[in-house]
Amino acid sequence: MAAEPAVERDPTEEVMEIQMGPSHPATHGTIKFNLKLDGEEVLACDTEVGYLHRGFEKMIEQGTWTQAIPYTDRLNYVSPLINNVGFILAVERLCEIEAPPRCQHIRVIMSEISRITDHLTCLGMAASEIGAMTVGFLMNEAREFLWDIVEAVTGARVTVSYTRIGGVTRDLPPDFDARLAEAFKHLDALIADCDKLVTRNRIFLDRMEGIGLISAEEAVSYGLTGPLLRASGVDYDVRKAYPYSGYENFDFEVPLGDKGDNYDRFLVRFNELEQSLRIIDQAMKTMPDGPVRIDDARYVLPAKHEVYNSIEGLMNHFKLVMEGAKVPAGEVYQAVEGANGEVGFFVVSDGSGRPYRCRVRPPCFLGMAALEEMVRGHMVADIIPTFGMINMIGGECDR
Amino acid sequence: MNGEDLLAKVRAVGGDLVVESGIEHDHPVVVIERDGALGFFRSLRQDSELDFDMLTDVTAVDYLGRTPRFDVVYQFTSLPKNHRLRVKIRVPEDDVRVHTLCGIWKSANWLEREAWDMLGVHFDGHPDLRRILLYEEFVGHPLRKDYPVDKRQPLTEERDPIVQDWKF
């Protein structure tokens with residue numbers, strides 16, 4: 001192929017091979033598509049992932065269980081709190097402990113705030129990539145209000161590391177209610193604007209409707225979960241099927257699509273915003289009082305006044321920091337509903353104080369595996385909204 | 001179906017293949033023999049009571065020093081029946097291979113490629129067993145316990161992206 005001089009070939013008669021990426025301006029995230037094209041039609045698409053591989057699973061094996069929490073922030077860095085919760089639930093299941101009710105409520109609220117930030121990122125980016133720049137900016141603005149709240153609660157916008165074995169690092173700030181109400185006021189207005197701008201916009205519909213189709217049966221076979229699966233009409237949500245942190249006590253709906261195209265994925269995510277707001281509202285109304293950590297010297301650091309004033313406290317602190325919490329031997333698969341689908345943590349402990357193995361089941365990795373199925377037969381330009389709706393987050397896909 | 005009923009059903013389907021079964025932290029787990037496992041997996045998919053329509057995850061765990069050394073771990077989910085199952089196959093160090101499940105669940109394709117890339121588990125009959133997260137010239141399988149965490153990789157030749165960096 002390379003030996004032949006280019007001028008002697010007739011480009012209209014042959015299959016064109018194009019490499020799109022790894023740093024393409026229209027794809028957010030480093031990824032490469034090796035495409036075979038007939039004109040503008042995609043015949044085959046070999047997707048190369050792994051550009052953001054940092055050896056997450058190997059690194060976790062090097063430290064203590066608590067030291068693994070910051071790494072989980074860097075999986076899906078648009079909704080880091082959900083990963084924190086998922087990992088810590090797996091560890092707590094190994095330890096056979098349960099966080100106090102107030103802590104569980106806080107985890108639910110923070111997970112749902114993260115789900116909203118993730119969906120806003122996904123929808124805003126996807127819209128701006130196909131020309132609706134305004135929606136991108138509005139959604140970024142809406143997201144900013146939520147990240148201010150996340151910062152007020154955890155001390156960081158993205159690298160939150162908020163959960164601990166048996167609890168969370170600190171309680172909600174005293175003015176949390178007021179902050180939340182203020183943020184939601186702005187959020188509601190911005191989301192309503194976005195709704196008016198795109199959901200019934202002819203140009204937007206033409207780019208999204210009927211593109212990236214996948215049937216319910218195929219979607220299940222490809223292991224798709226979350227909005228991708230629900231857009232195909234399959235009612236599966238980990239929060240409903242295998243409830244954790246008290247999700248069974250909240251009243252919310254699981255939005256479904258019927259065709260399984262990009263527009264359905266957009267609508268499912270858009271409607272989930274509203275459901276997440278409903279869950280936060282209920283959780284705030286039923287928020288119990290009490291501690292945010294369990295009182296268990298095996299796993300939880302003692303209070304500072306105990307560390308400075310008693311030998312038991314000091315020894316406990318030293319042991320937990322230097323050797324790590326001794327999580328009992330065993331293995332657990334714990335799944336949580338991440339913004340992109342089922343985030344599963346398969347953790348194996350040998351009882352030594354360090355994780356023996358921690359496997360993350362990344363939802364968007366499987367979404368990328370199904371990308372070829374979705375774009376085959378469509379145009380090159382259709383890869384962009386399809387990729388946007390899969391919402392590949394490099395940190396989670398490549399780990 | 002609760003965990004015990006599920007395990008009883010899986011044992012009935014698997015017969016002699018099932019060497020161990022139990023419930024660990026509320027999760028049904030079975031360990032099966034490698035030879036003949038493909039038929040067992042097919043019946044997990046086809047049996048109307050089990051109906052495991054989703055292969056959620058494939059990975060492996062390296063128990064260095066144990067014989068057999070590796071566990072290949074499959075997580076299954078049944079969406080219609082709302083139950084989960086973990087299946088493990090123990091494979092020895094000198095013959096780290098199992099049969100692919102690509103013909104039954106499509107998610108197996110990439111998940112098995114990752115298990116090959118990271119732990120060097122060979123999946124017989126896989127249509128496209130290439131590395132997925134790492135690059136082709138990478139030496140070794142980093143999630144094995146005898147792979148040092150600070151190991152350096154050799155520099156690779158620069159590839160001509162037009163002619164080489166390419167596979168269909």
# chains A, B, ... in the order shown; residues from 1 in each chain; ligands from 1
$ residues_around --residues "Pro142 in chain B" --least-positions-apart "6" --cutoff "9 Å" --atoms "only C-alpha atoms" --output "VMD selection string"
(chain A and resid 55 58) or (chain B and resid 117 to 120 148 to 149)
$ write_last_selection --atoms "C-alpha atoms" --output "short mmCIF file (atom, residue, chain, number, x, y, z; two decimals), in the first residue's frame"
data_model
loop_
_atom_site.label_atom_id
_atom_site.label_comp_id
_atom_site.auth_asym_id
_atom_site.auth_seq_id
_atom_site.Cartn_x
_atom_site.Cartn_y
_atom_site.Cartn_z
CA GLY A 55 -1.71 0.89 36.46
CA LYS A 58 -1.22 -2.53 40.49
CA ASP B 117 -2.93 -8.10 28.67
CA MET B 118 -2.76 -7.66 32.43
CA LEU B 119 -2.34 -11.22 33.71
CA GLY B 120 -1.34 -13.30 30.73
CA PRO B 148 8.02 -5.81 40.00
CA VAL B 149 6.10 -2.60 40.41
#
$ interface_residues --of "chain A" --to "chain B" --cutoff "8 Å" --atoms "only C-alpha atoms" --output "MDAnalysis selection string"
chainID A and resid 1:2 34 46 48:51 53 57:59 93:94 220:223 236 241 330:333 357 359 361 366 369 398
$ select_by_dssp --residues "range 26-87 of chain B" --states "strand (DSSP E or B)" --output "ChimeraX atom specification"
/B:27-32,54-62,70-78,83-87
$ select_by_dssp --residues "chain B" --states "alpha helix (DSSP H)" --output "ChimeraX atom specification"
/B:3-14,37-46,108-119
$ atom_distance --atom1 "CA of Ala303 in chain A" --atom2 "CA of Lys319 in chain A"
14.3 Å
$ atom_distance --atom1 "CA of Asn340 in chain A" --atom2 "CA of Cys358 in chain A"
19.9 Å
$ residues_around --residues "Leu52 in chain A" --least-positions-apart "4" --cutoff "9 Å" --atoms "only C-alpha atoms" --output "ChimeraX atom specification"
/A:29-31,394-399 /B:133
$ write_last_selection --atoms "C-alpha atoms" --output "compact mmCIF listing (two decimals), in the first residue's frame"
# COMPACT_ATOMS: atom_id res chain seq x y z
CA GLY A 29 -10.45 11.99 25.93
CA THR A 30 -7.45 10.38 24.32
CA ILE A 31 -8.58 7.54 22.12
CA GLY A 394 -10.33 7.97 30.23
CA GLY A 395 -9.51 7.44 33.89
CA GLU A 396 -12.24 4.88 34.27
CA CYS A 397 -11.91 3.17 30.89
CA ASP A 398 -8.13 2.80 30.95
CA ARG A 399 -7.50 2.84 34.72
CA LEU B 133 -4.53 -1.26 27.52
$ atom_distance --atom1 "CA of Asp258 in chain A" --atom2 "CA of Gly212 in chain A"
13.3 Å
$ residues_around --residues "Phe87 in chain A" --least-positions-apart "2" --cutoff "8 Å" --atoms "only C-alpha atoms" --output "list in words"
Ile69, Thr72, Asn83, Asn84, Val85, Leu89, Ala90, Val91, Gln334 and Phe345 of chain A
$ residues_around --residues "Leu224 in chain A" --least-positions-apart "5" --cutoff "8 Å" --atoms "only C-alpha atoms" --output "JSON list (two decimals) with C-alpha atoms, in the first residue's frame"
[["chain", "number", "residue", "atom", "x", "y", "z"],
["A", 219, "ALA", "CA", -26.77, -4.22, 24.59],
["A", 229, "LEU", "CA", -28.59, -0.05, 28.48],
["A", 341, "GLY", "CA", -23.39, 2.30, 34.51],
["A", 363, "PRO", "CA", -18.81, 0.60, 32.56],
["A", 366, "LEU", "CA", -17.64, -2.08, 27.72],
["A", 367, "GLY", "CA", -19.39, 0.85, 26.07]]
$ residues_around --residues "range 245-257 of chain A" --least-positions-apart "5" --cutoff "9 Å" --atoms "only C-alpha atoms" --output "number ranges by chain"
A: 89, 99, 101, 103-105, 107-108, 227, 229-237, 239-240, 263-265, 267-269, 271-272, 275-276, 278-279, 282-283
$ write_last_selection --atoms "C-alpha atoms" --output "PDB file, in the first residue's frame"
ATOM      1  CA  LEU A  89     -18.763  -0.419  50.335  1.00  0.00           C
ATOM      2  CA  ALA A  99     -21.831   2.824  58.180  1.00  0.00           C
ATOM      3  CA  PRO A 101     -27.507   5.995  59.005  1.00  0.00           C
ATOM      4  CA  CYS A 103     -23.324   8.623  56.847  1.00  0.00           C
ATOM      5  CA  GLN A 104     -25.364   6.504  54.450  1.00  0.00           C
ATOM      6  CA  HIS A 105     -27.619   9.456  53.732  1.00  0.00           C
ATOM      7  CA  ARG A 107     -23.175   9.084  50.745  1.00  0.00           C
ATOM      8  CA  VAL A 108     -26.446   8.956  48.817  1.00  0.00           C
ATOM      9  CA  PRO A 227     -27.952   4.993  30.537  1.00  0.00           C
ATOM     10  CA  LEU A 229     -28.594  -0.051  28.480  1.00  0.00           C
ATOM     11  CA  ARG A 230     -31.666   1.804  29.680  1.00  0.00           C
ATOM     12  CA  ALA A 231     -31.849   3.768  26.423  1.00  0.00           C
ATOM     13  CA  SER A 232     -32.387   0.400  24.730  1.00  0.00           C
ATOM     14  CA  GLY A 233     -35.369  -0.216  26.993  1.00  0.00           C
ATOM     15  CA  VAL A 234     -33.840  -2.636  29.511  1.00  0.00           C
ATOM     16  CA  ASP A 235     -34.840  -1.757  33.042  1.00  0.00           C
ATOM     17  CA  TYR A 236     -31.666  -2.404  35.009  1.00  0.00           C
ATOM     18  CA  ASP A 237     -30.369  -0.042  37.618  1.00  0.00           C
ATOM     19  CA  ARG A 239     -29.768   1.103  42.809  1.00  0.00           C
ATOM     20  CA  LYS A 240     -33.035  -0.791  42.246  1.00  0.00           C
ATOM     21  CA  TYR A 263     -31.310  10.635  21.300  1.00  0.00           C
ATOM     22  CA  ASP A 264     -32.723   8.089  23.751  1.00  0.00           C
ATOM     23  CA  ARG A 265     -29.413   8.077  25.606  1.00  0.00           C
ATOM     24  CA  LEU A 267     -33.125  11.790  27.114  1.00  0.00           C
ATOM     25  CA  VAL A 268     -32.405   9.059  29.659  1.00  0.00           C
ATOM     26  CA  ARG A 269     -29.518  11.078  31.061  1.00  0.00           C
ATOM     27  CA  ASN A 271     -34.444  12.694  32.866  1.00  0.00           C
ATOM     28  CA  GLU A 272     -32.059  11.163  35.378  1.00  0.00           C
ATOM     29  CA  GLN A 275     -34.649  11.876  39.486  1.00  0.00           C
ATOM     30  CA  SER A 276     -31.335  12.580  41.191  1.00  0.00           C
ATOM     31  CA  ARG A 278     -35.709  14.037  43.791  1.00  0.00           C
ATOM     32  CA  ILE A 279     -33.486  11.611  45.696  1.00  0.00           C
ATOM     33  CA  GLN A 282     -35.915  13.132  50.008  1.00  0.00           C
ATOM     34  CA  ALA A 283     -32.580  12.372  51.625  1.00  0.00           C
TER      35      ALA A 283
END
$ residues_around --residues "range 140-147 of chain A" --least-positions-apart "3" --cutoff "9 Å" --atoms "only C-alpha atoms" --output "list in words"
Ile113, Ser114, Ile116, Thr117, Asp118, Leu120, Thr121, Gly124, Met125, Val135, Gly136, Phe137, Val150, Glu151, Ala152, Ala156, Arg157, Val158, Leu180, Glu182, Ala183, Phe184, His186, Leu187, Asp188, Leu190 and Ile191 of chain A
$ closest_residue --among "A:Ile106, A:Ala325, A:Ile383, A:Ile97" --to "Tyr299 in chain A" --atoms "only C-alpha atoms"
A:Ala325
